[in-house]
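Visitor: The file below is query-v6.cif, mmCIF, C-alpha atoms:
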```
data_coords
#
loop_
_atom_site.label_atom_id
_atom_site.label_comp_id
_atom_site.auth_asym_id
_atom_site.auth_seq_id
_atom_site.Cartn_x
_atom_site.Cartn_y
_atom_site.Cartn_z
CA MET L 1 1.86 -25.99 52.68
CA SER L 2 1.74 -29.42 51.07
CA ALA L 3 -2.05 -29.35 51.15
CA PHE L 4 -2.02 -25.98 49.39
CA LYS L 5 0.25 -27.33 46.64
CA ASP L 6 -1.98 -30.38 46.23
CA THR L 7 -5.06 -28.14 45.94
CA GLU L 8 -3.31 -25.93 43.36
CA SER L 9 -2.26 -29.01 41.39
CA ASP L 10 -5.81 -30.37 41.48
CA GLU L 11 -7.16 -27.02 40.22
CA ALA L 12 -4.62 -27.01 37.37
CA THR L 13 -5.57 -30.48 36.27
CA LYS L 14 -9.19 -29.36 35.91
CA VAL L 15 -8.13 -26.99 33.07
CA PRO L 16 -8.07 -28.88 29.75
CA THR L 17 -4.59 -29.49 28.40
CA SER L 18 -5.49 -27.95 25.05
CA LEU L 19 -6.60 -24.72 26.76
CA ARG L 20 -3.42 -24.54 28.83
CA VAL L 21 -1.22 -25.06 25.78
CA THR L 22 -3.21 -22.49 23.78
CA ALA L 23 -2.94 -19.96 26.60
CA ALA L 24 0.81 -20.53 26.91
CA ILE L 25 1.32 -20.11 23.18
CA GLY L 26 -1.01 -17.09 23.14
CA TRP L 27 0.74 -15.00 25.77
CA ARG L 28 4.15 -15.84 24.35
CA THR L 29 2.92 -14.79 20.90
CA LEU L 30 1.63 -11.52 22.33
CA VAL L 31 5.00 -10.85 23.94
CA VAL L 32 6.84 -11.51 20.67
CA LEU L 33 4.42 -9.30 18.71
CA GLY L 34 4.83 -6.56 21.30
CA MET L 35 8.60 -6.76 21.00
CA LEU L 36 8.38 -6.63 17.20
CA TYR L 37 6.06 -3.61 17.38
CA ALA L 38 8.42 -1.81 19.77
CA LEU L 39 11.37 -2.65 17.52
CA GLY L 40 9.50 -1.38 14.44
CA TRP L 41 8.58 1.83 16.25
CA LEU L 42 12.20 2.35 17.31
CA VAL L 43 13.48 1.69 13.79
CA GLY L 44 10.91 4.14 12.41
CA ARG L 45 12.00 6.83 14.84
CA LEU L 46 15.66 6.23 13.97
CA SER L 47 15.12 5.68 10.25
CA VAL L 48 17.47 8.54 9.38
CA VAL L 49 20.27 6.47 10.92
CA VAL L 50 19.02 2.92 10.36
CA ILE L 51 18.46 3.20 6.59
CA PRO L 52 21.95 4.54 5.73
CA VAL L 53 23.54 1.87 7.94
CA ALA L 54 21.44 -0.85 6.28
CA ILE L 55 22.41 0.36 2.80
CA ALA L 56 26.05 0.48 3.90
CA LEU L 57 25.72 -3.15 5.00
CA LEU L 58 24.37 -4.12 1.58
CA LEU L 59 27.22 -2.30 -0.16
CA SER L 60 29.76 -3.88 2.18
CA ALA L 61 28.43 -7.30 1.18
CA LEU L 62 29.09 -6.32 -2.44
CA LEU L 63 32.55 -4.80 -1.90
CA ALA L 64 33.96 -6.86 1.00
CA PRO L 65 35.11 -9.79 -1.20
CA ALA L 66 37.19 -7.39 -3.30
CA VAL L 67 38.81 -5.95 -0.16
CA SER L 68 39.54 -9.50 1.08
CA THR L 69 41.16 -10.38 -2.25
CA LEU L 70 43.46 -7.35 -2.11
CA VAL L 71 44.37 -8.09 1.51
CA ARG L 72 45.32 -11.67 0.57
CA LEU L 73 47.58 -10.13 -2.09
CA ARG L 74 49.40 -8.34 0.77
CA VAL L 75 47.87 -4.94 0.09
CA PRO L 76 47.43 -2.98 3.35
CA ARG L 77 43.81 -3.06 4.51
CA GLY L 78 43.48 0.73 4.54
CA LEU L 79 44.79 1.02 0.99
CA ALA L 80 42.60 -1.89 -0.15
CA THR L 81 39.53 -0.25 1.37
CA GLY L 82 40.31 3.05 -0.34
CA VAL L 83 40.96 1.46 -3.73
CA VAL L 84 37.76 -0.61 -3.66
CA LEU L 85 35.64 2.26 -2.35
CA VAL L 86 36.93 4.81 -4.87
CA GLY L 87 36.70 2.26 -7.68
CA GLY L 88 33.15 1.34 -6.75
CA LEU L 89 32.03 4.96 -6.53
CA ALA L 90 33.73 5.75 -9.84
CA ALA L 91 31.99 2.81 -11.51
CA VAL L 92 28.57 3.84 -10.17
CA GLY L 93 29.15 7.48 -11.12
CA GLY L 94 30.29 6.51 -14.61
CA ILE L 95 27.26 4.32 -15.17
CA LEU L 96 24.87 7.03 -13.97
CA THR L 97 26.60 9.65 -16.14
CA PHE L 98 26.39 7.39 -19.19
CA VAL L 99 22.71 6.65 -18.57
CA ILE L 100 21.80 10.32 -18.03
CA ASN L 101 23.68 11.43 -21.15
CA ALA L 102 22.00 8.70 -23.21
CA PHE L 103 18.62 9.75 -21.86
CA ILE L 104 19.25 13.41 -22.69
CA ALA L 105 20.50 12.51 -26.17
CA GLY L 106 17.37 10.46 -26.85
CA LEU L 107 14.89 13.06 -25.58
CA PRO L 108 14.55 15.03 -28.88
CA ASP L 109 13.60 11.90 -30.85
CA LEU L 110 11.26 10.81 -28.10
CA ARG L 111 9.63 14.26 -28.06
CA GLU L 112 9.01 14.12 -31.80
CA GLN L 113 7.60 10.60 -31.54
CA LEU L 114 5.43 11.65 -28.61
CA THR L 115 4.04 14.58 -30.65
CA ALA L 116 3.33 12.26 -33.58
CA SER L 117 1.64 9.77 -31.26
CA LEU L 118 -0.53 12.48 -29.73
CA ASN L 119 -1.57 13.63 -33.19
CA THR L 120 -2.43 10.03 -34.07
CA ILE L 121 -4.52 9.75 -30.92
CA ARG L 122 -6.35 12.97 -31.78
CA GLU L 123 -7.12 11.70 -35.27
CA TRP L 124 -8.30 8.36 -33.88
CA ALA L 125 -10.51 10.13 -31.31
CA ALA L 126 -12.12 12.16 -34.10
CA THR L 127 -12.47 9.43 -36.76
CA GLY L 128 -12.64 6.31 -34.59
CA PRO L 129 -15.52 4.83 -32.60
CA LEU L 130 -15.55 7.78 -30.16
CA HIS L 131 -16.42 10.31 -32.93
CA LEU L 132 -15.27 13.26 -30.85
CA SER L 133 -15.39 16.68 -32.45
CA GLU L 134 -12.42 19.03 -32.59
CA GLY L 135 -14.13 21.25 -30.01
CA GLN L 136 -14.59 18.37 -27.55
CA ILE L 137 -10.95 17.38 -27.91
CA ASN L 138 -9.85 20.96 -27.28
CA ASP L 139 -12.16 21.13 -24.25
CA TYR L 140 -10.49 18.05 -22.74
CA LEU L 141 -7.06 19.55 -23.38
CA ASP L 142 -8.19 22.82 -21.79
CA GLN L 143 -9.41 20.90 -18.74
CA VAL L 144 -5.97 19.33 -18.38
CA GLY L 145 -4.35 22.77 -18.63
CA ASN L 146 -6.76 24.23 -16.08
CA TRP L 147 -6.05 21.36 -13.69
CA LEU L 148 -2.31 22.02 -13.94
CA GLU L 149 -2.87 25.74 -13.38
CA ASN L 150 -5.18 25.20 -10.38
CA ASN L 151 -2.76 22.73 -8.77
CA GLN L 152 0.34 24.80 -9.44
CA GLN L 153 0.65 25.76 -5.79
CA ARG L 154 0.38 22.15 -4.67
CA ILE L 155 3.01 21.10 -7.22
CA THR L 156 5.30 23.94 -6.10
CA THR L 157 4.86 22.91 -2.47
CA GLY L 158 5.76 19.36 -3.40
CA ALA L 159 8.89 20.60 -5.15
CA LEU L 160 9.91 22.55 -2.05
CA ALA L 161 9.30 19.47 0.08
CA THR L 162 11.48 17.52 -2.34
CA ALA L 163 14.24 20.09 -1.91
CA THR L 164 13.98 19.68 1.87
CA THR L 165 14.06 15.92 1.48
CA PHE L 166 17.16 16.27 -0.69
CA GLY L 167 18.98 17.78 2.29
CA SER L 168 18.07 14.77 4.41
CA PHE L 169 19.08 12.51 1.52
CA LEU L 170 22.49 14.15 1.30
CA THR L 171 22.99 13.76 5.06
CA GLY L 172 22.04 10.09 4.82
CA MET L 173 24.46 9.58 1.92
CA LEU L 174 27.34 11.03 3.93
CA LEU L 175 26.44 8.83 6.91
CA MET L 176 26.19 5.78 4.66
CA LEU L 177 29.58 6.48 3.09
CA PHE L 178 31.21 7.04 6.48
CA THR L 179 29.70 3.82 7.84
CA LEU L 180 30.69 1.86 4.74
CA ILE L 181 34.33 2.88 5.14
CA PHE L 182 34.47 1.46 8.66
CA PHE L 183 32.50 -1.65 7.72
CA LEU L 184 35.05 -2.44 5.03
CA HIS L 185 38.09 -1.56 7.14
CA ASP L 186 37.17 -2.65 10.68
CA GLY L 187 34.00 -4.70 10.27
CA ARG L 188 35.38 -7.82 11.92
CA ARG L 189 36.69 -5.87 14.91
CA ILE L 190 33.34 -4.09 15.29
CA TRP L 191 31.52 -7.43 15.23
CA LEU L 192 33.89 -8.99 17.78
CA PHE L 193 33.54 -5.93 20.00
CA LEU L 194 29.75 -6.36 20.01
CA LEU L 195 30.15 -10.05 20.91
CA GLY L 196 32.76 -9.40 23.58
CA PRO L 197 30.48 -8.87 26.64
CA LEU L 198 28.53 -12.11 25.98
CA PRO L 199 29.27 -15.45 27.66
CA GLU L 200 31.74 -17.56 25.69
CA PRO L 201 29.35 -20.37 24.56
CA LEU L 202 26.74 -17.83 23.42
CA ARG L 203 29.51 -15.80 21.78
CA TYR L 204 30.53 -18.76 19.62
CA ARG L 205 26.95 -19.46 18.57
CA LEU L 206 26.22 -15.85 17.67
CA ASP L 207 29.51 -15.60 15.79
CA LEU L 208 28.49 -18.63 13.74
CA ALA L 209 25.01 -17.17 13.15
CA GLY L 210 26.45 -13.82 12.09
CA THR L 211 28.94 -15.51 9.77
CA ARG L 212 26.24 -17.58 8.08
CA GLY L 213 23.91 -14.59 7.84
CA PHE L 214 26.51 -12.36 6.21
CA ASP L 215 27.58 -15.16 3.85
CA SER L 216 23.94 -15.43 2.80
CA LEU L 217 23.80 -11.67 2.21
CA VAL L 218 26.98 -11.78 0.09
CA GLY L 219 25.56 -14.64 -1.97
CA TYR L 220 22.25 -12.83 -2.41
CA ILE L 221 23.91 -9.60 -3.60
CA ARG L 222 26.16 -11.44 -6.05
CA ALA L 223 23.37 -13.61 -7.44
CA THR L 224 20.94 -10.69 -7.72
CA GLY L 225 23.58 -8.67 -9.56
CA LEU L 226 24.08 -11.48 -12.09
CA VAL L 227 20.32 -11.85 -12.56
CA ALA L 228 20.01 -8.08 -13.01
CA VAL L 229 22.71 -8.11 -15.70
CA GLY L 230 20.90 -10.94 -17.49
CA ASP L 231 17.57 -9.09 -17.37
CA ALA L 232 19.10 -5.83 -18.60
CA LEU L 233 20.91 -7.52 -21.49
CA GLY L 234 17.88 -9.57 -22.54
CA ILE L 235 15.38 -6.72 -22.47
CA GLY L 236 17.89 -4.23 -23.88
CA ILE L 237 18.67 -6.44 -26.89
CA GLY L 238 14.97 -7.04 -27.45
CA LEU L 239 14.19 -3.32 -27.35
CA ALA L 240 17.03 -2.59 -29.76
CA ILE L 241 15.73 -5.16 -32.24
CA ILE L 242 12.20 -3.74 -32.02
CA GLY L 243 13.57 -0.22 -32.48
CA VAL L 244 12.36 1.32 -29.21
CA PRO L 245 14.24 4.54 -28.33
CA LEU L 246 16.17 5.09 -25.10
CA VAL L 247 17.38 1.48 -25.04
CA VAL L 248 20.34 2.17 -22.74
CA PRO L 249 18.38 4.11 -20.06
CA LEU L 250 15.61 1.49 -20.12
CA ALA L 251 18.13 -1.35 -19.79
CA ALA L 252 19.76 0.51 -16.88
CA LEU L 253 16.34 0.92 -15.27
CA VAL L 254 15.73 -2.82 -15.63
CA PHE L 255 19.12 -3.51 -14.01
CA LEU L 256 18.43 -1.26 -11.01
CA ALA L 257 14.84 -2.45 -10.59
CA ALA L 258 15.96 -6.10 -10.53
CA PHE L 259 17.29 -5.56 -7.00
CA ILE L 260 13.66 -5.18 -5.85
CA PRO L 261 12.21 -8.67 -6.40
CA ILE L 262 8.90 -9.02 -8.29
CA VAL L 263 7.87 -5.37 -7.90
CA GLY L 264 10.93 -4.03 -9.72
CA ALA L 265 10.48 -6.35 -12.71
CA VAL L 266 6.84 -5.35 -13.11
CA ALA L 267 7.55 -1.61 -12.81
CA SER L 268 10.52 -1.54 -15.20
CA GLY L 269 8.68 -3.72 -17.73
CA ALA L 270 5.67 -1.40 -17.61
CA VAL L 271 7.88 1.63 -18.30
CA ALA L 272 9.49 -0.10 -21.30
CA ILE L 273 6.08 -1.05 -22.72
CA LEU L 274 4.78 2.49 -22.23
CA VAL L 275 7.77 4.01 -24.05
CA ALA L 276 7.31 1.52 -26.89
CA LEU L 277 3.60 2.38 -27.10
CA VAL L 278 4.26 6.11 -27.24
CA ALA L 279 7.22 5.92 -29.61
CA LYS L 280 6.34 3.06 -31.97
CA GLY L 281 2.67 2.27 -31.52
CA PRO L 282 0.63 -0.70 -30.27
CA ILE L 283 2.39 -3.40 -32.32
CA ALA L 284 5.80 -2.46 -30.89
CA ALA L 285 4.23 -2.34 -27.42
CA LEU L 286 2.91 -5.89 -27.84
CA LEU L 287 6.32 -7.07 -29.05
CA THR L 288 7.95 -5.37 -26.05
CA LEU L 289 5.45 -7.09 -23.78
CA GLY L 290 6.46 -10.41 -25.28
CA VAL L 291 10.15 -9.65 -24.75
CA VAL L 292 9.58 -8.61 -21.13
CA LEU L 293 7.51 -11.70 -20.36
CA GLY L 294 10.05 -13.96 -22.07
CA VAL L 295 12.99 -12.52 -20.14
CA GLN L 296 11.07 -12.70 -16.86
CA GLN L 297 10.17 -16.35 -17.53
CA LEU L 298 13.83 -17.07 -18.21
CA GLU L 299 14.74 -15.29 -15.00
CA GLY L 300 12.14 -17.06 -12.88
CA ASN L 301 12.68 -20.56 -14.26
CA VAL L 302 16.42 -20.60 -14.98
CA LEU L 303 18.48 -17.75 -13.51
CA GLN L 304 16.89 -17.42 -10.09
CA PRO L 305 16.83 -21.18 -9.28
CA LEU L 306 20.45 -21.57 -10.41
CA LEU L 307 21.87 -18.44 -8.80
CA ILE L 308 19.66 -16.98 -6.07
CA GLY L 309 18.17 -20.37 -5.13
CA ARG L 310 21.61 -21.63 -4.15
CA ALA L 311 22.52 -18.52 -2.19
CA VAL L 312 19.20 -17.87 -0.46
CA ARG L 313 16.69 -20.63 0.21
CA LEU L 314 13.42 -18.75 0.69
CA HIS L 315 9.93 -19.77 -0.30
CA PRO L 316 8.32 -17.45 -2.91
CA LEU L 317 5.45 -16.75 -0.51
CA ALA L 318 7.94 -15.59 2.12
CA VAL L 319 9.52 -13.27 -0.45
CA VAL L 320 6.17 -11.76 -1.46
CA LEU L 321 5.08 -11.26 2.17
CA ALA L 322 8.45 -9.72 3.09
CA ILE L 323 8.23 -7.27 0.18
CA SER L 324 4.64 -6.37 1.13
CA VAL L 325 5.56 -5.73 4.76
CA GLY L 326 8.64 -3.75 3.72
CA ALA L 327 6.62 -1.61 1.32
CA ILE L 328 4.02 -0.83 4.00
CA ALA L 329 6.63 -0.09 6.65
CA ALA L 330 9.22 1.88 4.67
CA GLY L 331 8.13 2.31 1.04
CA ILE L 332 10.75 1.78 -1.67
CA ILE L 333 13.56 1.39 0.86
CA GLY L 334 11.52 -1.30 2.62
CA THR L 335 11.03 -3.27 -0.59
CA LEU L 336 14.78 -3.04 -1.27
CA LEU L 337 15.83 -4.23 2.19
CA ALA L 338 13.07 -6.75 2.94
CA VAL L 339 14.45 -9.81 1.13
CA PRO L 340 18.12 -9.33 2.13
CA VAL L 341 17.12 -8.92 5.78
CA LEU L 342 14.89 -12.00 5.58
CA ALA L 343 17.69 -13.99 3.95
CA MET L 344 20.14 -13.00 6.70
CA LEU L 345 17.68 -13.86 9.46
CA ASN L 346 16.84 -17.18 7.83
CA SER L 347 20.49 -18.25 7.63
CA ALA L 348 21.30 -16.92 11.11
CA VAL L 349 18.36 -18.72 12.76
CA ARG L 350 19.25 -21.96 10.98
CA ALA L 351 22.82 -21.63 12.22
CA LEU L 352 21.62 -21.05 15.80
CA VAL L 353 19.39 -24.12 15.61
CA GLU L 354 22.22 -26.26 14.25
CA SER L 355 24.68 -25.04 16.88
CA GLY L 356 22.09 -25.61 19.58
CA LYS L 357 21.89 -29.29 18.65
CA GLY L 358 25.62 -29.69 19.28
CA GLU L 359 26.48 -27.15 21.95
CA ASN L 360 29.60 -29.00 23.05
CA SER L 361 31.17 -28.83 19.59
CA GLU L 362 33.04 -25.73 18.47
CA PRO L 363 31.29 -23.83 15.67
CA GLU L 364 32.69 -23.57 12.21
CA SER L 365 33.30 -19.83 12.41
CA ALA L 366 36.59 -18.36 13.48
CA ALA L 367 37.19 -18.12 17.19
CA VAL L 368 36.49 -14.75 18.71
CA GLY L 369 39.56 -12.60 18.70
CA THR L 370 41.17 -14.24 15.67
CA GLU L 371 40.96 -13.37 12.02
CA PRO L 372 38.87 -15.75 9.90
CA GLU L 373 40.78 -17.93 7.48
CA SER L 374 38.28 -19.10 4.87
CA ASN L 375 37.03 -16.93 2.05
CA SER L 376 33.46 -16.77 3.30
CA GLN L 377 34.58 -16.06 6.84
CA SER L 378 36.88 -13.37 5.53
CA SER L 379 33.92 -11.81 3.78
CA THR L 380 32.14 -11.74 7.10
CA GLY L 381 35.12 -10.09 8.65
CA GLU L 382 34.95 -7.16 6.29
CA ALA L 383 31.51 -5.95 7.35
CA ALA L 384 29.67 -5.94 10.65
CA GLU L 385 26.75 -8.29 10.54
#
```
Mind turning the file's structure into structure tokens?

Guide:
Amino acid sequence: MSAFKDTESDEATKVPTSLRVTAAIGWRTLVVLGMLYALGWLVGRLSVVVIPVAIALLLSALLAPAVSTLVRLRVPRGLATGVVLVGGLAAVGGILTFVINAFIAGLPDLREQLTASLNTIREWAATGPLHLSEGQINDYLDQVGNWLENNQQRITTGALATATTFGSFLTGMLLMLFTLIFFLHDGRRIWLFLLGPLPEPLRYRLDLAGTRGFDSLVGYIRATGLVAVGDALGIGIGLAIIGVPLVVPLAALVFLAAFIPIVGAVASGAVAILVALVAKGPIAALLTLGVVLGVQQLEGNVLQPLLIGRAVRLHPLAVVLAISVGAIAAGIIGTLLAVPVLAMLNSAVRALVESGKGENSEPESAAVGTEPESNSQSSTGEAAE
């Protein structure tokens, strides 16, 4: 037996160390990639459930501090949850109603300006460098009309598919709302229940990691909201000075798009420039471009380092890659969730590494089975990480 072990050891030493290390890293990498692929496949299959729960987690990060404040003021937790939830839904509904009404009120002026712009384009096409005749212009317009007529069935089918999707959307909204209620009311108990079956040392480490991860999510949501308000105010004031119509809906679009890093700013800025081009002409569009670029420079160089940089320490390349992967995997929802998920994982992994260096010391988070005392820990207690 000893001779066999010696022979096996001699055979192992003949393999170069670099090859052995590469092979060890390679098969471990394949295992990790396989696990990630299986997890992605499972999430894709359960997306109808996973996406509403993820959105509920984001909203709980936004609303949990308010619930904690009311609880500290000796308001019963159930009443505090109801007040914050109803108040939040009323605020969102009021904002959407205001934006939609402003958009509807501005449509007649925009329609007139669009007609005037189209007439200007027709005149330029006839008298400008293109020198198109009236017949050629009418032919192009007829081609557009024929394309719409020929693709009417496809457009109708898409509308029916949208109606079907609306049913799924409504189901997801109800699930999200139901989950959000329990995250705000019993989030800490749910989290402790999930940790309960684990060994005590591992339980403490995971509790610390979950606390740090949720604190990072709360900081990200708060900071992103402040940055979004700054972007909406800056671009909205600039559009009002230039005289672009639909200032309020465009500012609201900028605010909502700011929660999707990089991609949202580009998309909302492009919409504002397009409206300015149609309504006021190329000079107003160039001025709008300058306003958008100026506000985005202010955001990137001042607001984000001061606010988001403190809450979430992520490299810009990591943010871009996360958004790209999220867009490929889940479209718009993926771009919305990619950075928050990455921020949570980053903070949680850092906490695990730190706790692993001092396993004998008790973590900073509240002991399992007790209510957290600090503000940040209380925030964690209001939503399940």

Visitor: Can you tell me how far CA of Val84 in chain L sits from CA of Leu226 in chain L, in Å to one decimal?

Guide: 19.4 Å

Visitor: Kindly indicate which residue among L:Ile241, L:Ala270, L:Ala257, L:Leu293 lies nearest to Val229 in chain L, using all atoms listed in the file for the distances.

Guide: L:Ala257

Visitor: Enumerate, as a list in words, the residues matched when the PyMOL selection byres ((chain L and resi 68-82) around 7) is run on the file above.

Guide: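 Selection result, ordered by chain and number: Ala64, Pro65, Ala66, Val67, Val83, Val84, Leu85, Val86, Leu184, His185, Ser378 and Ser379 of chain L.
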
Visitor: Taking all atoms of range 276-283 of chain L that appear in the file, build a box with edges along x, y and z, extend it by 5 Å on every side, and state its centre and edge lengths in Å to one decimal, as lines of an AutoDock Vina configuration file.

Guide:
```
center_x = 4.0
center_y = 1.4
center_z = -29.6
size_x = 16.7
size_y = 19.5
size_z = 15.4
```

Visitor: Apply the PyMOL selection byres ((chain L and resi 344) around 10) to the file shown and report the selected residues as a PDB file with C-alpha atoms, keeping the file's coordinate frame.

Guide:
```
ATOM      1  CA  ALA L 209      25.010 -17.170  13.150  1.00  0.00           C
ATOM      2  CA  GLY L 210      26.450 -13.820  12.090  1.00  0.00           C
ATOM      3  CA  THR L 211      28.940 -15.510   9.770  1.00  0.00           C
ATOM      4  CA  ARG L 212      26.240 -17.580   8.080  1.00  0.00           C
ATOM      5  CA  GLY L 213      23.910 -14.590   7.840  1.00  0.00           C
ATOM      6  CA  PHE L 214      26.510 -12.360   6.210  1.00  0.00           C
ATOM      7  CA  ASP L 215      27.580 -15.160   3.850  1.00  0.00           C
ATOM      8  CA  SER L 216      23.940 -15.430   2.800  1.00  0.00           C
ATOM      9  CA  LEU L 217      23.800 -11.670   2.210  1.00  0.00           C
ATOM     10  CA  VAL L 218      26.980 -11.780   0.090  1.00  0.00           C
ATOM     11  CA  TYR L 220      22.250 -12.830  -2.410  1.00  0.00           C
ATOM     12  CA  VAL L 312      19.200 -17.870  -0.460  1.00  0.00           C
ATOM     13  CA  VAL L 339      14.450  -9.810   1.130  1.00  0.00           C
ATOM     14  CA  PRO L 340      18.120  -9.330   2.130  1.00  0.00           C
ATOM     15  CA  VAL L 341      17.120  -8.920   5.780  1.00  0.00           C
ATOM     16  CA  LEU L 342      14.890 -12.000   5.580  1.00  0.00           C
ATOM     17  CA  ALA L 343      17.690 -13.990   3.950  1.00  0.00           C
ATOM     18  CA  LEU L 345      17.680 -13.860   9.460  1.00  0.00           C
ATOM     19  CA  ASN L 346      16.840 -17.180   7.830  1.00  0.00           C
ATOM     20  CA  SER L 347      20.490 -18.250   7.630  1.00  0.00           C
ATOM     21  CA  ALA L 348      21.300 -16.920  11.110  1.00  0.00           C
ATOM     22  CA  VAL L 349      18.360 -18.720  12.760  1.00  0.00           C
ATOM     23  CA  ARG L 350      19.250 -21.960  10.980  1.00  0.00           C
ATOM     24  CA  GLU L 385      26.750  -8.290  10.540  1.00  0.00           C
TER      25      GLU L 385
END
```

Visitor: Taking the file as I've supplied it (selection: the PyMOL selection byres ((chain L and resi 47-55) around 7)), which residues are included? Please answer as a ChimeraX atom specification.

Guide: /L:43-46,56-59,172-173,175-176,179

Visitor: Find the residues around Gly236 in chain L up to 12 Å (only C-alpha atoms counted), leave out those fewer than 3 positions away in its own chain, and share them as a CSV table (one decimal) with C-alpha atoms, in the frame of the given file.

Guide:
```
chain,number,residue,atom,x,y,z
L,228,ALA,CA,20.0,-8.1,-13.0
L,229,VAL,CA,22.7,-8.1,-15.7
L,230,GLY,CA,20.9,-10.9,-17.5
L,231,ASP,CA,17.6,-9.1,-17.4
L,232,ALA,CA,19.1,-5.8,-18.6
L,233,LEU,CA,20.9,-7.5,-21.5
L,239,LEU,CA,14.2,-3.3,-27.4
L,240,ALA,CA,17.0,-2.6,-29.8
L,241,ILE,CA,15.7,-5.2,-32.2
L,242,ILE,CA,12.2,-3.7,-32.0
L,243,GLY,CA,13.6,-0.2,-32.5
L,244,VAL,CA,12.4,1.3,-29.2
L,245,PRO,CA,14.2,4.5,-28.3
L,246,LEU,CA,16.2,5.1,-25.1
L,247,VAL,CA,17.4,1.5,-25.0
L,248,VAL,CA,20.3,2.2,-22.7
L,249,PRO,CA,18.4,4.1,-20.1
L,250,LEU,CA,15.6,1.5,-20.1
L,251,ALA,CA,18.1,-1.4,-19.8
L,252,ALA,CA,19.8,0.5,-16.9
L,253,LEU,CA,16.3,0.9,-15.3
L,254,VAL,CA,15.7,-2.8,-15.6
L,255,PHE,CA,19.1,-3.5,-14.0
L,268,SER,CA,10.5,-1.5,-15.2
L,269,GLY,CA,8.7,-3.7,-17.7
L,272,ALA,CA,9.5,-0.1,-21.3
L,288,THR,CA,8.0,-5.4,-26.0
L,291,VAL,CA,10.2,-9.6,-24.8
L,292,VAL,CA,9.6,-8.6,-21.1
L,295,VAL,CA,13.0,-12.5,-20.1
```

Visitor: What's the separation between CA of Leu96 in chain L and CA of Ala267 in chain L, in Å to one decimal place?

Guide: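 Between these atoms lies a distance of 19.4 Å.
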
Visitor: So the first atom is CA of Leu256 in chain L and the second is CA of Gly187 in chain L; what is the distance between them in Å, to one decimal place?

Guide: 26.6 Å
